[in-house]
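Report on the following structure.
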Amino acid sequence: MTDRKIHQIDASGEAVGRLASRIALILRGKNKPEYEPHLDRGDTVEVTNIGKIKLTGKKIDQKEYYSYSGYPGGLKTKKVKELLDSDPGEVLRRAVRDMLPPTKLRTGMLKRLIIK
């Protein structure tokens with residue numbers, strides 16, 4: 001068992017993608033010398049000031065998130081602007097989720113992401 005440290009990151013004024021890649025690296029444990037891809041040895045990440053996050057370019061107007069229910073006509077879209085107004089942490093959580101590997105370890109890694 002490894003020691004899990006708590007990394008505190010301030011999100012004010014940072015771009016979503018750059019912040020998400022830093023967080024994914026820490027959650028996965030790639031910043032440690034004992035990193036092994038098949039083991040979950042990452043640390044916990046606490047993110048504060050998520051409401052002051054920055055989106056570059058025209059992403060705030062053009063980027064959309066999709067969810068599909070599995071039924072015909074069940075594709076739903078939501079713009080980033082709507083998601084930022086309702087839950088700004090969800091934008092970062094989705095970015096980090098997509099940067100982690102799609103294995104059984106991903107859910108455990110995402111549980112260690114704390115957005116305040």
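By convention here, the chains of the structure tokens are called A, B, ... in the order presented, each chain's residues are numbered starting at 1, and ligands are numbered starting at 1 in the order presented.
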
Can you list, as a PyMOL selection string, every protein, DNA or RNA residue that comes within 12 Å of Lys58 of chain A when you count only C-alpha atoms, leaving out same-chain residues fewer than 3 positions away?
-> chain A and resi 54-55+61-64+79-81

Extract, using only C-alpha atoms, all DNA, RNA and protein residues at most 9 Å from segment 10-24 of chain A, discarding same-chain residues fewer than 5 positions from it, and format them as a count of residues only.
-> 24

DSSP says helix (DSSP H, G or I) for which residues of chain A? Put them as an NGL selection string?
-> :A and (16-28 or 50-52 or 59-62 or 80-86 or 88-99 or 106-111)

Keeping C-alpha atoms for every residue in the selection just given, could you write it to a file as an mmCIF file, in the first residue's frame?
```cif
data_model
loop_
_atom_site.group_PDB
_atom_site.id
_atom_site.type_symbol
_atom_site.label_atom_id
_atom_site.label_comp_id
_atom_site.auth_asym_id
_atom_site.auth_seq_id
_atom_site.Cartn_x
_atom_site.Cartn_y
_atom_site.Cartn_z
ATOM 1 C CA VAL A 16 -9.440 23.605 -18.492
ATOM 2 C CA GLY A 17 -7.324 21.267 -20.621
ATOM 3 C CA ARG A 18 -3.993 22.186 -19.063
ATOM 4 C CA LEU A 19 -5.426 21.848 -15.575
ATOM 5 C CA ALA A 20 -7.087 18.531 -16.421
ATOM 6 C CA SER A 21 -3.854 17.051 -17.770
ATOM 7 C CA ARG A 22 -2.004 18.012 -14.562
ATOM 8 C CA ILE A 23 -4.745 16.464 -12.444
ATOM 9 C CA ALA A 24 -4.878 13.259 -14.529
ATOM 10 C CA LEU A 25 -1.114 12.827 -14.155
ATOM 11 C CA ILE A 26 -1.362 13.045 -10.352
ATOM 12 C CA LEU A 27 -4.463 10.818 -10.105
ATOM 13 C CA ARG A 28 -2.770 8.142 -12.181
ATOM 14 C CA ILE A 50 -13.528 26.130 -9.910
ATOM 15 C CA GLY A 51 -15.905 28.969 -10.794
ATOM 16 C CA LYS A 52 -12.962 31.076 -12.033
ATOM 17 C CA LYS A 59 -15.325 26.885 -26.748
ATOM 18 C CA ILE A 60 -17.820 28.579 -24.460
ATOM 19 C CA ASP A 61 -20.217 29.059 -27.386
ATOM 20 C CA GLN A 62 -19.366 26.126 -29.664
ATOM 21 C CA VAL A 80 -20.552 24.270 -22.142
ATOM 22 C CA LYS A 81 -22.068 27.634 -21.257
ATOM 23 C CA GLU A 82 -25.132 25.931 -19.737
ATOM 24 C CA LEU A 83 -22.973 23.427 -17.878
ATOM 25 C CA LEU A 84 -20.694 26.151 -16.485
ATOM 26 C CA ASP A 85 -23.702 28.062 -15.164
ATOM 27 C CA SER A 86 -25.237 25.030 -13.450
ATOM 28 C CA PRO A 88 -18.664 24.325 -13.278
ATOM 29 C CA GLY A 89 -17.022 21.310 -11.657
ATOM 30 C CA GLU A 90 -18.628 18.960 -14.168
ATOM 31 C CA VAL A 91 -16.669 20.534 -17.045
ATOM 32 C CA LEU A 92 -13.387 19.757 -15.304
ATOM 33 C CA ARG A 93 -14.559 16.308 -14.190
ATOM 34 C CA ARG A 94 -15.428 15.354 -17.787
ATOM 35 C CA ALA A 95 -12.083 16.644 -19.068
ATOM 36 C CA VAL A 96 -10.151 14.659 -16.452
ATOM 37 C CA ARG A 97 -12.257 11.541 -17.079
ATOM 38 C CA ASP A 98 -11.440 11.602 -20.775
ATOM 39 C CA MET A 99 -7.716 11.930 -20.030
ATOM 40 C CA ARG A 106 -10.595 4.879 -13.759
ATOM 41 C CA THR A 107 -13.569 4.952 -11.355
ATOM 42 C CA GLY A 108 -11.274 4.698 -8.335
ATOM 43 C CA MET A 109 -9.093 7.477 -9.671
ATOM 44 C CA LEU A 110 -12.066 9.765 -10.254
ATOM 45 C CA LYS A 111 -13.291 9.206 -6.701
#
```

Mind listing the strand (DSSP E or B) residues of chain A, per DSSP on the backbone, as number ranges by chain?
-> A: 6-10, 15, 44-48, 54, 64-68, 75-79, 113-115

Give me, please, the distance in Å between atom CA of Pro37 of chain A and atom CA of Arg4 of chain A, quoted to one decimal.
-> 16.6 Å

In Å and to one decimal, atom CA of Ile9 of chain A is distant from atom CA of Asp40 of chain A by 20.7 Å

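Reported to one decimal place, the separation of atom CA of Gln8 of chain A from atom CA of Pro33 of chain A is 20.4 Å.
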